[in-house]
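Peer 1: The structure's right below; bear with me while I get my questions together.
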Number of protein chains: 2
Amino acid sequence: MGTTMKDVARHAGVSVGTVSRYINGYRLKEINMKKVKMAIEELGFKENIIAKGLKNKRSMTIGVVIASLTDIFSTTIVTSLEKTIEKENYSMMLCDYNCNLDRLHRKIMFLQDRMVDGVVLFAGNENKEDVRRLMNNEIPVVVIDSNIEGIETDRVNVDNVGASFRATEKLIHSGHERIAVINGTKGDFIAEERLQGYISALNTYDITINDEYIRYGNYSSIGGYNCLMELLECKSPPTSVFITNYYMTIGAITAINELDIKIPRHLSLICFDRFEIMDVIKPSLTFIEQPTDRIGEMAGRILLKRIKGDMSQFPMDMRINTRMVMGKSIAPPGVTDH
Amino acid sequence: MGTTMKDVARHAGVSVGTVSRYINGYRLKEINMKKVKMAIEELGFKENIIAKGLKNKRSMTIGVVIASLTDIFSTTIVTSLEKTIEKENYSMMLCDYNCNLDRLHRKIMFLQDRMVDGVVLFAGNENKEDVRRLMNNEIPVVVIDSNIEGIETDRVNVDNVGASFRATEKLIHSGHERIAVINGTKGDFIAEERLQGYISALNTYDITINDEYIRYGNYSSIGGYNCLMELLECKSPPTSVFITNYYMTIGAITAINELDIKIPRHLSLICFDRFEIMDVIKPSLTFIEQPTDRIGEMAGRILLKRIKGDMSQFPMDMRINTRMVMGKSIAPPGVTDH
DNA sequence: AAATTAAATTGAAACGTTATAATTTTGAGG
DNA sequence: CCTCAAAATTATAACGTTTCAATTTAATTT
């Protein structure tokens with residue numbers, strides 16, 4: 001280790017320039033090619049990406065900022081994002097900021113100091129100044145699951161409105177009218193979109209909107225648990241619930257178990273996101289699957305494209321379709337099994 | 001952006017060397033200090049970590065390899081690891097390899113190419129050749145939750161044997177003798193240690209070991225679900241179960257709910273790891289909490305120490321104590337509530 | 001076979017830092 | 001005010017690449 005291109009050049013009897021050209025895939029005479037190749041193998045040469053980065057002002061690294069490393073939805077997307085960028089020899093610096101905006105700011109600064117070639121931001125990172133600075137420095141930014149108002153960036157989102165519409169519609173089609181929603185965080189981009197889909201479905205089918213049925217669980221399991229408990233304490237409790245994320249679903253199911261409510265006999269359920277425990281829950285849940293693979297891949301592809309300087313179709317507003325997976329958690333209201 | 005030390009030097013009317021010395025905190029004359037400081041502010045100079053890295057052969061980056069970004073236990077540790085290293089201005093390249101050994105190899109190569117100053121490996125990364133290569137290249141390695149046989153590395157583990165002993169003992173103390181264990185993956189370092197604690201507790205209290213009560217759930221919720229189902233189908237089912245990780249606990253609880261078994265009336269439970277849904281499960285579970293904060297912090301501290309060249313007490317075998325958190329999931333066997 | 005063109009290679013100057021030897025400035029002592 | 005040491009600063013050579021003008025080598029044409 002520690003062998004440089006200079007060593008390789010000497011060993012092969014050519015100049016460093018030639019070695020460089022070999023490394024970067026430019027054509028050179030057969031004979032030199034062989035000599036260089038052998039020298040590299042014999043010396044175990046590995047190029048120094050740092051020196052390379054200094055020269056071409058590229059770090060071959062992208063920065064990824066998520067709210068929390070422990071949020072499985074984000075990390076699943078990141079996994080596929082990484083798979084996409086590593087194909088082009090990029091690596092990733094992954095940061096979380098644990099909902100601390102100051103920390104978020106520091107992280108973005110940090111990535112910029114590290115000369116990342118591009119940045120992927122996840123929902124909630126609405127630190128406009130930082131984003132603006134990145135873009136002024138010509139560091140492309142792709143935003144996932146969000147939309148930074150007032151700043152034009154490429155973004156990748158699922159079709160939240162459509163998905164929620166169809167989820168709600170699904171409940172309506174099986175006869176429900178008392179349909180509740182356990183939504184994320186009030187005002188949040190995703191939550192607003194999902195709410196819009198829900199409302200629009202109810203409107204379409206002329207069902208009156210009952211504010212009591214609209215709850216916010218802050219994307220957490222404890223939130224989901226509490227919302228479900230509260231919903232069932234309404235004078236006229238819902239016969240079905242639409243839950244807009246993974247953690248809240250876990251919480252709601254825990255509440256349901258505790259209350260000894262049977263699904264779908266007493267309550268129909270449709271939720272967002274596939275998660276591991278799903279395979280194991282009985283009855284199987286009907287849910288909307290967000291194609292995390294595709295989200296990560298798209299984000300990666302767009303970012304790489306921008307990094308290469310291709311600014312066509314900027315800003316892209318990529319909308320990814322979801323898929324509804326049918327389980328057995330929905331039945332007509334007020335019907336007993338037999 | 002784009003301004004270099006040269007620009008600062010010119011603007012301040014000093015040489016680049018002086019600017020460098022300012023940046024790195026060496027003493028210089030008051031007057032020059034002020035001039036440089038002003039110039040930096042006026043030009044918005046930011047040092048180029050890449051160039052710096054090239055010169056001092058340090059990337060100020062550590063590599064972290066975990067099995068999967070979606071494994072919450074690992075990512076929780078990584079979160080605190082990151083907090084530790086960022087205090088000293090290090091950043092982290094986080095990789096997962098999704099149980100693909102070839103991918104693991106590539107990742108480690110990758111980190112080495114990126115000139116990381118140190119590496120943290122999580123359980124299962126027993127790619128001896130790669131680890132050896134890292135160490136030969138004087139890149140310090142800290143291993144978490146594992147022990148690479150035949151290679152001396154610093155490592156950080158919880159006291160698995162002790163924790164499992166006490167967990168099992170706890171069940172024994174409340175009168176159980178038919179105690180099952182749902183363990184991770186057979187042969188795995190952690191699983192073996194936890195099994196050892198279990199066996200040793202039974203031996204200590206003269207309880208015969210029943211092989212039927214020892215199950216492997218591969219750390220997955222589906223595994224935990226299946227194990228629990230199987231255990232209850234024994235001719236003489238256990239009255240209590242010790243579950244050695246988070247995901248398997250989730251699976252087991254799902255099975256328990258499905259079978260309408262009441263805890264702790266029909267079955268006592270003790271498990272490993274705190275997780276979000278825990279706050280919400282009734283009855284509250286008794287569990288062993290692994291101090292993920294401390295694990296990450298220790299790993300970070302040891303690695304930084306090695307990076308600084310301090311090899312004292314090498315190889316460290318750090319054992320972190322766990323804590324038992326009392327819930328209401330344990331009761332004497334065969335006793336009904338009232 | 002000479003002349004022309006094309007292709008391949010070389011050598012040296014960058015990239016933005018740090019380290020070091022050489023130089024200048026400062027300050028104390030006589 | 002000169003000398004000499006100590007302190008501070010400067011200029012320059014690295015670090016390991018890439019790039020580009022200049023040069024050499026090879027291929028083609030006449």
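Ordered as shown in the structure tokens, chains take letters A, B, and onward, while each chain numbers its residues from 1 and ligands are numbered from 1 in the order shown.
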Near chain B, meaning an atom within 8 Å, which residues of chain D appear when counting only C-alpha atoms (C1' of nucleotides)? Write them as a ChimeraX atom specification.
Peer 2: /D:8-10,15-16
Peer 1: Enumerate, in order of chain and increasing residue number, the residues of chain B with an atom no farther than 7 Å from chain A, each with its shortest atom pair and distance in Å to one decimal, counting only C-alpha atoms, as a tab-separated table.
Peer 2:
residue	atom	partner	partner_atom	distance
B:Asn48	CA	A:Asp113	CA	6.7
B:Ile49	CA	A:Arg114	CA	6.1
B:Ile50	CA	A:Leu54	CA	6.1
B:Ala51	CA	A:Leu54	CA	5.8
B:Leu54	CA	A:Ala51	CA	5.8
B:Leu69	CA	A:Thr75	CA	5.7
B:Thr70	CA	A:Ile72	CA	5.6
B:Ile72	CA	A:Thr70	CA	5.6
B:Thr75	CA	A:Leu69	CA	5.7
B:Thr76	CA	A:Thr70	CA	6.1
B:Thr79	CA	A:Leu69	CA	6.7
B:Met92	CA	A:Met93	CA	6.5
B:Met93	CA	A:Met93	CA	5.1
B:Leu94	CA	A:Leu94	CA	6.4
B:Asp113	CA	A:Ile49	CA	6.6
B:Arg114	CA	A:Ile49	CA	6.1
B:Asn137	CA	A:Met1	CA	6.9
B:Ser221	CA	A:Ile277	CA	6.1
B:Ile222	CA	A:Val280	CA	6.2
B:Gly251	CA	A:Ile277	CA	6.7
B:Thr254	CA	A:Ile281	CA	6.3
B:Asn257	CA	A:Asn257	CA	6.9
B:Glu258	CA	A:Lys282	CA	6.9
B:Ile277	CA	A:Ser221	CA	6.1
B:Val280	CA	A:Ile222	CA	6.3
B:Ile281	CA	A:Thr254	CA	6.3
B:Lys282	CA	A:Glu258	CA	6.9
Peer 1: Please produce, as JSON lines, a per-residue contact table for chain C versus chain A (criterion: any atom at most 8 Å away, only C-alpha atoms (C1' of nucleotides) considered), showing the nearest atom pair and its distance in Å to one decimal, sorted by chain then residue number.
Peer 2:
{"residue": "C:DA8", "atom": "C1'", "partner": "A:Leu28", "partner_atom": "CA", "distance": 6.5}
{"residue": "C:DT9", "atom": "C1'", "partner": "A:Thr18", "partner_atom": "CA", "distance": 6.9}
{"residue": "C:DT10", "atom": "C1'", "partner": "A:Ser15", "partner_atom": "CA", "distance": 6.4}
{"residue": "C:DC15", "atom": "C1'", "partner": "A:Lys55", "partner_atom": "CA", "distance": 4.7}
{"residue": "C:DG16", "atom": "C1'", "partner": "A:Leu54", "partner_atom": "CA", "distance": 7.6}
Peer 1: Keeping all heavy atoms for every residue in the selection just given, could you write it to a file as a CSV table (one decimal), in the first residue's frame?
Peer 2:
chain,number,residue,atom,x,y,z
C,8,DA,P,-3.7,5.7,-30.6
C,8,DA,OP1,-3.8,4.2,-30.6
C,8,DA,OP2,-4.8,6.6,-30.1
C,8,DA,O5',-2.4,6.1,-29.9
C,8,DA,C5',-1.2,5.5,-30.2
C,8,DA,C4',-0.1,6.0,-29.4
C,8,DA,O4',0.2,7.4,-29.7
C,8,DA,C3',-0.4,5.9,-27.9
C,8,DA,O3',0.7,5.2,-27.3
C,8,DA,C2',-0.4,7.4,-27.4
C,8,DA,C1',0.4,8.1,-28.5
C,8,DA,N9,0.1,9.5,-28.7
C,8,DA,C8,-1.1,10.0,-29.0
C,8,DA,N7,-1.1,11.3,-29.3
C,8,DA,C5,0.2,11.6,-29.1
C,8,DA,C6,0.9,12.9,-29.3
C,8,DA,N6,0.3,14.0,-29.6
C,8,DA,N1,2.2,12.9,-29.0
C,8,DA,C2,2.8,11.7,-28.7
C,8,DA,N3,2.3,10.5,-28.6
C,8,DA,C4,1.0,10.5,-28.8
C,9,DT,P,0.8,5.0,-25.7
C,9,DT,OP1,1.6,3.8,-25.5
C,9,DT,OP2,-0.5,5.3,-25.1
C,9,DT,O5',1.8,6.2,-25.4
C,9,DT,C5',3.2,6.2,-25.8
C,9,DT,C4',3.9,7.4,-25.4
C,9,DT,O4',3.2,8.6,-25.8
C,9,DT,C3',3.9,7.6,-23.9
C,9,DT,O3',5.3,7.5,-23.5
C,9,DT,C2',3.3,8.9,-23.6
C,9,DT,C1',3.4,9.6,-24.9
C,9,DT,N1,2.3,10.6,-25.2
C,9,DT,C2,2.7,11.9,-25.4
C,9,DT,O2,3.8,12.3,-25.4
C,9,DT,N3,1.6,12.8,-25.6
C,9,DT,C4,0.3,12.5,-25.7
C,9,DT,O4,-0.6,13.3,-26.0
C,9,DT,C5,0.0,11.1,-25.5
C,9,DT,C7,-1.4,10.6,-25.6
C,9,DT,C6,1.0,10.2,-25.2
C,10,DT,P,5.7,7.6,-22.0
C,10,DT,OP1,6.9,6.8,-21.8
C,10,DT,OP2,4.5,7.3,-21.1
C,10,DT,O5',6.1,9.1,-21.9
C,10,DT,C5',7.1,9.6,-22.8
C,10,DT,C4',7.3,11.1,-22.6
C,10,DT,O4',6.0,11.7,-22.9
C,10,DT,C3',7.5,11.5,-21.1
C,10,DT,O3',8.8,12.2,-21.1
C,10,DT,C2',6.4,12.4,-20.7
C,10,DT,C1',5.8,12.8,-22.1
C,10,DT,N1,4.3,13.0,-22.1
C,10,DT,C2,3.9,14.3,-22.5
C,10,DT,O2,4.6,15.2,-22.7
C,10,DT,N3,2.5,14.4,-22.6
C,10,DT,C4,1.6,13.4,-22.3
C,10,DT,O4,0.4,13.7,-22.4
C,10,DT,C5,2.1,12.2,-22.0
C,10,DT,C7,1.2,11.0,-21.7
C,10,DT,C6,3.5,12.0,-21.9
C,15,DC,P,-4.7,26.1,-10.0
C,15,DC,OP1,-5.6,27.0,-10.7
C,15,DC,OP2,-3.7,26.6,-9.1
C,15,DC,O5',-5.6,25.1,-9.1
C,15,DC,C5',-6.4,24.1,-9.7
C,15,DC,C4',-6.6,23.0,-8.7
C,15,DC,O4',-5.6,22.1,-8.8
C,15,DC,C3',-6.6,23.5,-7.2
C,15,DC,O3',-7.9,23.9,-6.8
C,15,DC,C2',-6.0,22.3,-6.5
C,15,DC,C1',-5.5,21.4,-7.6
C,15,DC,N1,-4.1,21.0,-7.5
C,15,DC,C2,-3.7,19.6,-7.6
C,15,DC,O2,-4.6,18.8,-7.7
C,15,DC,N3,-2.4,19.3,-7.5
C,15,DC,C4,-1.5,20.2,-7.3
C,15,DC,N4,-0.2,19.8,-7.3
C,15,DC,C5,-1.8,21.6,-7.3
C,15,DC,C6,-3.1,21.9,-7.3
C,16,DG,P,-8.0,25.3,-6.0
C,16,DG,OP1,-9.5,25.6,-6.0
C,16,DG,OP2,-7.0,26.3,-6.5
C,16,DG,O5',-7.6,24.9,-4.5
C,16,DG,C5',-8.5,24.0,-3.8
C,16,DG,C4',-7.8,23.6,-2.6
C,16,DG,O4',-6.5,23.0,-2.9
C,16,DG,C3',-7.4,24.8,-1.7
C,16,DG,O3',-7.7,24.4,-0.3
C,16,DG,C2',-5.9,25.0,-1.9
C,16,DG,C1',-5.5,23.5,-2.1
C,16,DG,N9,-4.3,23.4,-2.9
C,16,DG,C8,-3.8,24.1,-3.9
C,16,DG,N7,-2.6,23.7,-4.3
C,16,DG,C5,-2.4,22.6,-3.6
C,16,DG,C6,-1.2,21.7,-3.7
C,16,DG,O6,-0.3,21.7,-4.4
C,16,DG,N1,-1.4,20.6,-2.8
C,16,DG,C2,-2.4,20.5,-1.9
C,16,DG,N2,-2.4,19.4,-1.1
C,16,DG,N3,-3.4,21.3,-1.8
C,16,DG,C4,-3.3,22.3,-2.7
Peer 1: Excluding A:Asn203 and its own-chain neighbours fewer than 3 positions away, which residues fall within 12 Å of it when counting only C-alpha atoms (C1' of nucleotides)? Please give them as a PyMOL selection string.
Peer 2: chain A and resi 165+168-169+172+177+196-200+206-210
Peer 1: Please provide the set of residues having any atom within 12 Å of D:DT3, restricted to only C-alpha atoms (C1' of nucleotides), with same-chain residues fewer than 2 positions apart removed, written as a PyMOL selection string.
Peer 2: (chain C and resi 27-30) or (chain D and resi 1+5)
Peer 1: Restricted to N, CA, C and O atoms (P, O5', C5', C4', C3', O3' and C1' of nucleotides), what would the selected residues look like written as a short mmCIF file (atom, residue, chain, number, x, y, z; two decimals), in the first residue's frame?
Peer 2:
data_model
loop_
_atom_site.label_atom_id
_atom_site.label_comp_id
_atom_site.auth_asym_id
_atom_site.auth_seq_id
_atom_site.Cartn_x
_atom_site.Cartn_y
_atom_site.Cartn_z
P DG C 27 9.01 43.71 19.74
"O5'" DG C 27 9.69 42.93 20.96
"C5'" DG C 27 10.40 41.70 20.70
"C4'" DG C 27 11.51 41.53 21.71
"C3'" DG C 27 11.73 42.70 22.68
"O3'" DG C 27 12.16 42.14 23.90
"C1'" DG C 27 13.68 42.39 21.45
P DA C 28 12.17 42.96 25.25
"O5'" DA C 28 13.50 42.38 25.91
"C5'" DA C 28 13.83 41.00 25.65
"C4'" DA C 28 15.32 40.80 25.88
"C3'" DA C 28 15.90 41.64 27.01
"O3'" DA C 28 16.74 40.79 27.78
"C1'" DA C 28 17.09 42.04 25.00
P DG C 29 17.45 41.33 29.06
"O5'" DG C 29 18.93 41.51 28.51
"C5'" DG C 29 19.53 40.42 27.79
"C4'" DG C 29 20.98 40.74 27.49
"C3'" DG C 29 21.68 41.52 28.61
"O3'" DG C 29 23.00 41.00 28.74
"C1'" DG C 29 21.69 42.79 26.60
P DG C 30 23.96 41.47 29.84
"O5'" DG C 30 25.01 42.35 29.05
"C5'" DG C 30 25.90 41.71 28.10
"C4'" DG C 30 26.53 42.79 27.25
"C3'" DG C 30 27.35 43.80 28.04
"O3'" DG C 30 28.71 43.70 27.65
"C1'" DG C 30 25.93 44.87 26.46
P DC D 1 21.93 56.10 17.73
"O5'" DC D 1 22.63 54.68 17.62
"C5'" DC D 1 23.95 54.66 17.15
"C4'" DC D 1 24.45 53.26 17.28
"C3'" DC D 1 23.87 52.30 16.24
"O3'" DC D 1 24.95 51.45 15.89
"C1'" DC D 1 23.56 51.39 18.35
P DA D 5 24.05 33.72 19.30
"O5'" DA D 5 22.61 33.41 19.88
"C5'" DA D 5 22.32 33.74 21.23
"C4'" DA D 5 20.85 33.96 21.38
"C3'" DA D 5 20.00 32.77 20.94
"O3'" DA D 5 19.07 32.52 21.96
"C1'" DA D 5 19.26 34.74 19.86
#
Peer 1: List as an NGL selection string the protein and nucleic acid residues near D:DT12, meaning an atom at most 10 Å away when only C-alpha atoms (C1' of nucleotides) are counted, but skip any in the same chain fewer than 2 places from it.
Peer 2: (:C and (20-22)) or (:D and (10 or 14))
Peer 1: Output the selection as a CSV table (one decimal), in the first residue's frame - all heavy atoms for each residue.
Peer 2:
chain,number,residue,atom,x,y,z
C,20,DT,P,8.1,18.7,8.9
C,20,DT,OP1,8.5,17.3,9.0
C,20,DT,OP2,7.7,19.5,10.1
C,20,DT,O5',9.3,19.5,8.2
C,20,DT,C5',9.6,19.3,6.8
C,20,DT,C4',10.5,20.4,6.3
C,20,DT,O4',9.7,21.5,5.9
C,20,DT,C3',11.4,21.0,7.4
C,20,DT,O3',12.7,21.2,6.8
C,20,DT,C2',10.7,22.2,7.8
C,20,DT,C1',10.2,22.7,6.5
C,20,DT,N1,9.2,23.7,6.5
C,20,DT,C2,9.1,24.6,5.5
C,20,DT,O2,9.9,24.6,4.5
C,20,DT,N3,8.1,25.5,5.6
C,20,DT,C4,7.2,25.6,6.6
C,20,DT,O4,6.3,26.5,6.5
C,20,DT,C5,7.3,24.7,7.6
C,20,DT,C7,6.3,24.7,8.8
C,20,DT,C6,8.3,23.8,7.5
C,21,DA,P,14.0,21.0,7.6
C,21,DA,OP1,14.3,19.6,7.6
C,21,DA,OP2,13.9,21.7,8.9
C,21,DA,O5',15.0,21.8,6.7
C,21,DA,C5',14.8,21.7,5.2
C,21,DA,C4',15.1,23.1,4.7
C,21,DA,O4',13.9,23.9,4.9
C,21,DA,C3',16.2,23.9,5.3
C,21,DA,O3',16.9,24.5,4.2
C,21,DA,C2',15.6,24.8,6.3
C,21,DA,C1',14.3,25.2,5.5
C,21,DA,N9,13.2,25.5,6.4
C,21,DA,C8,12.8,25.0,7.6
C,21,DA,N7,11.8,25.6,8.2
C,21,DA,C5,11.4,26.5,7.3
C,21,DA,C6,10.4,27.5,7.3
C,21,DA,N6,9.5,27.6,8.3
C,21,DA,N1,10.3,28.3,6.2
C,21,DA,C2,11.2,28.2,5.2
C,21,DA,N3,12.2,27.4,5.1
C,21,DA,C4,12.3,26.5,6.2
C,22,DA,P,18.2,25.4,4.5
C,22,DA,OP1,19.2,25.1,3.4
C,22,DA,OP2,18.6,25.3,5.9
C,22,DA,O5',17.7,26.9,4.3
C,22,DA,C5',17.0,27.2,3.0
C,22,DA,C4',16.5,28.6,3.1
C,22,DA,O4',15.4,28.6,4.1
C,22,DA,C3',17.5,29.6,3.6
C,22,DA,O3',17.5,30.7,2.7
C,22,DA,C2',17.1,29.9,5.0
C,22,DA,C1',15.6,29.7,4.9
C,22,DA,N9,14.9,29.4,6.2
C,22,DA,C8,15.2,28.5,7.1
C,22,DA,N7,14.4,28.4,8.1
C,22,DA,C5,13.4,29.4,7.9
C,22,DA,C6,12.3,29.8,8.5
C,22,DA,N6,11.9,29.3,9.7
C,22,DA,N1,11.6,30.8,8.0
C,22,DA,C2,12.0,31.3,6.8
C,22,DA,N3,13.0,31.0,6.1
C,22,DA,C4,13.7,30.0,6.7
D,10,DT,P,4.4,36.6,5.9
D,10,DT,OP1,4.1,37.9,5.2
D,10,DT,OP2,3.4,35.6,6.2
D,10,DT,O5',5.5,35.9,5.0
D,10,DT,C5',6.7,36.7,4.7
D,10,DT,C4',7.6,35.7,3.9
D,10,DT,O4',8.0,34.6,4.8
D,10,DT,C3',7.0,35.2,2.7
D,10,DT,O3',7.9,35.5,1.6
D,10,DT,C2',6.9,33.7,2.9
D,10,DT,C1',8.0,33.4,4.0
D,10,DT,N1,7.8,32.3,4.9
D,10,DT,C2,8.7,31.3,5.0
D,10,DT,O2,9.8,31.3,4.3
D,10,DT,N3,8.5,30.3,5.9
D,10,DT,C4,7.4,30.3,6.7
D,10,DT,O4,7.2,29.3,7.5
D,10,DT,C5,6.4,31.3,6.6
D,10,DT,C7,5.2,31.3,7.4
D,10,DT,C6,6.7,32.3,5.7
D,14,DA,P,10.4,18.0,-3.2
D,14,DA,OP1,10.7,16.9,-2.2
D,14,DA,OP2,11.2,18.1,-4.4
D,14,DA,O5',8.8,17.9,-3.6
D,14,DA,C5',8.1,16.7,-3.4
D,14,DA,C4',7.5,16.7,-2.1
D,14,DA,O4',7.1,18.1,-1.8
D,14,DA,C3',6.2,15.9,-2.1
D,14,DA,O3',6.4,14.8,-1.2
D,14,DA,C2',5.1,16.8,-1.6
D,14,DA,C1',5.8,18.2,-1.3
D,14,DA,N9,5.1,19.3,-2.0
D,14,DA,C8,5.4,19.9,-3.2
D,14,DA,N7,4.7,20.9,-3.5
D,14,DA,C5,3.7,20.9,-2.4
D,14,DA,C6,2.6,21.7,-2.2
D,14,DA,N6,2.2,22.7,-3.0
D,14,DA,N1,1.9,21.5,-1.1
D,14,DA,C2,2.3,20.5,-0.3
D,14,DA,N3,3.3,19.7,-0.4
D,14,DA,C4,4.0,19.9,-1.5
Peer 1: In Å, with one decimal, what is the gap from atom CA of B:Ile23 to atom CA of B:Leu43?
Peer 2: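 Calculated distance between atom CA of B:Ile23 and atom CA of B:Leu43 is 14.6 Å.
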Peer 1: Quick one, how far is atom CA of B:Gly217 from atom CA of B:Glu192?
Peer 2: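 Result for atom CA of B:Gly217 versus atom CA of B:Glu192: 13.3 Å, one decimal.
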Peer 1: Please return as a compact mmCIF listing (two decimals) with N, CA and C atoms, in the first residue's frame: the residues of stretch 7-235 of chain A that backbone DSSP assigns to strand (DSSP E).
Peer 2:
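Final output, result.txt:
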# COMPACT_ATOMS: atom_id res chain seq x y z
N THR A 61 -18.84 11.58 -3.99
CA THR A 61 -19.61 11.28 -2.79
C THR A 61 -20.87 12.12 -2.80
N ILE A 62 -21.97 11.53 -2.43
CA ILE A 62 -23.15 12.36 -2.26
C ILE A 62 -23.56 12.35 -0.80
N GLY A 63 -24.17 13.43 -0.40
CA GLY A 63 -24.65 13.53 0.97
C GLY A 63 -26.12 13.18 1.04
N VAL A 64 -26.50 12.46 2.06
CA VAL A 64 -27.91 12.12 2.24
C VAL A 64 -28.30 12.53 3.65
N VAL A 65 -29.38 13.27 3.74
CA VAL A 65 -29.80 13.73 5.06
C VAL A 65 -31.18 13.19 5.36
N ILE A 66 -31.29 12.41 6.40
CA ILE A 66 -32.60 11.93 6.83
C ILE A 66 -32.84 12.38 8.26
N SER A 91 -20.15 7.16 -3.57
CA SER A 91 -20.49 6.67 -2.25
C SER A 91 -21.30 7.74 -1.55
N MET A 92 -21.68 7.41 -0.36
CA MET A 92 -22.72 8.18 0.29
C MET A 92 -22.28 8.54 1.70
N MET A 93 -22.53 9.78 2.06
CA MET A 93 -22.38 10.14 3.47
C MET A 93 -23.77 10.34 4.00
N LEU A 94 -24.12 9.51 4.95
CA LEU A 94 -25.48 9.54 5.47
C LEU A 94 -25.49 10.27 6.80
N CYS A 95 -26.37 11.25 6.91
CA CYS A 95 -26.46 12.01 8.15
C CYS A 95 -27.88 12.00 8.66
N ASP A 96 -28.01 12.03 9.94
CA ASP A 96 -29.33 12.28 10.50
C ASP A 96 -29.22 13.49 11.42
N GLY A 118 -23.41 16.13 -4.56
CA GLY A 118 -24.85 16.32 -4.62
C GLY A 118 -25.45 15.93 -3.29
N VAL A 119 -26.71 16.31 -3.09
CA VAL A 119 -27.34 16.05 -1.80
C VAL A 119 -28.75 15.54 -2.01
N VAL A 120 -29.13 14.57 -1.21
CA VAL A 120 -30.52 14.13 -1.17
C VAL A 120 -31.09 14.46 0.20
N LEU A 121 -32.15 15.21 0.20
CA LEU A 121 -32.79 15.58 1.47
C LEU A 121 -34.12 14.87 1.62
N PHE A 122 -34.36 14.41 2.80
CA PHE A 122 -35.65 13.78 3.07
C PHE A 122 -36.60 14.75 3.75
N VAL A 141 -29.50 19.28 -5.64
CA VAL A 141 -30.26 18.79 -4.49
C VAL A 141 -31.51 18.07 -4.99
N VAL A 142 -31.75 16.89 -4.45
CA VAL A 142 -33.01 16.20 -4.74
C VAL A 142 -33.74 16.03 -3.41
N VAL A 143 -35.01 16.34 -3.43
CA VAL A 143 -35.79 16.27 -2.20
C VAL A 143 -36.75 15.10 -2.30
N ILE A 144 -36.79 14.31 -1.26
CA ILE A 144 -37.69 13.15 -1.23
C ILE A 144 -38.78 13.41 -0.22
N ASP A 154 -35.38 19.46 -7.75
CA ASP A 154 -35.94 18.20 -8.20
C ASP A 154 -36.53 17.50 -6.99
N ARG A 155 -37.62 16.80 -7.21
CA ARG A 155 -38.16 16.07 -6.07
C ARG A 155 -38.84 14.77 -6.47
N VAL A 156 -38.83 13.88 -5.52
CA VAL A 156 -39.43 12.56 -5.75
C VAL A 156 -40.44 12.32 -4.64
N ASN A 157 -41.65 12.08 -5.04
CA ASN A 157 -42.70 11.83 -4.07
C ASN A 157 -43.59 10.70 -4.56
N VAL A 158 -44.30 10.07 -3.67
CA VAL A 158 -45.32 9.16 -4.16
C VAL A 158 -46.58 9.97 -4.41
N ILE A 179 -65.73 6.68 8.17
CA ILE A 179 -64.32 6.37 7.88
C ILE A 179 -63.42 7.39 8.56
N ALA A 180 -62.54 6.89 9.40
CA ALA A 180 -61.61 7.81 10.09
C ALA A 180 -60.25 7.74 9.42
N VAL A 181 -59.47 8.76 9.68
CA VAL A 181 -58.08 8.73 9.19
C VAL A 181 -57.15 9.06 10.35
N ILE A 182 -56.11 8.27 10.46
CA ILE A 182 -55.05 8.62 11.42
C ILE A 182 -53.89 9.11 10.58
N ASN A 183 -53.70 10.40 10.63
CA ASN A 183 -52.76 11.06 9.73
C ASN A 183 -51.47 11.41 10.48
N ILE A 214 -60.85 12.83 11.94
CA ILE A 214 -59.53 13.18 11.41
C ILE A 214 -58.56 13.39 12.56
N ARG A 215 -57.61 12.50 12.67
CA ARG A 215 -56.71 12.51 13.83
C ARG A 215 -55.26 12.59 13.38
N TYR A 216 -54.43 13.11 14.25
CA TYR A 216 -53.01 13.21 13.92
C TYR A 216 -52.15 12.43 14.92
Peer 1: Looking at B:Asn24, B:Asn245, B:Thr322, B:Ser240, which one is nearest to C:DT18, with distances taken over only C-alpha atoms (C1' of nucleotides)?
Peer 2: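 Smallest separation from C:DT18 among the options: B:Asn24.
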Peer 1: Which distance in Å separates atom CA of B:Ser268 and atom CA of B:Gly327, to one decimal?
Peer 2: 10.9 Å
Peer 1: I need the helix (DSSP H, G or I) residues of stretch 185-244 of chain B per DSSP on the backbone, written as an NGL selection string.
Peer 2: :B and (189-204 or 211-213 or 221-232)
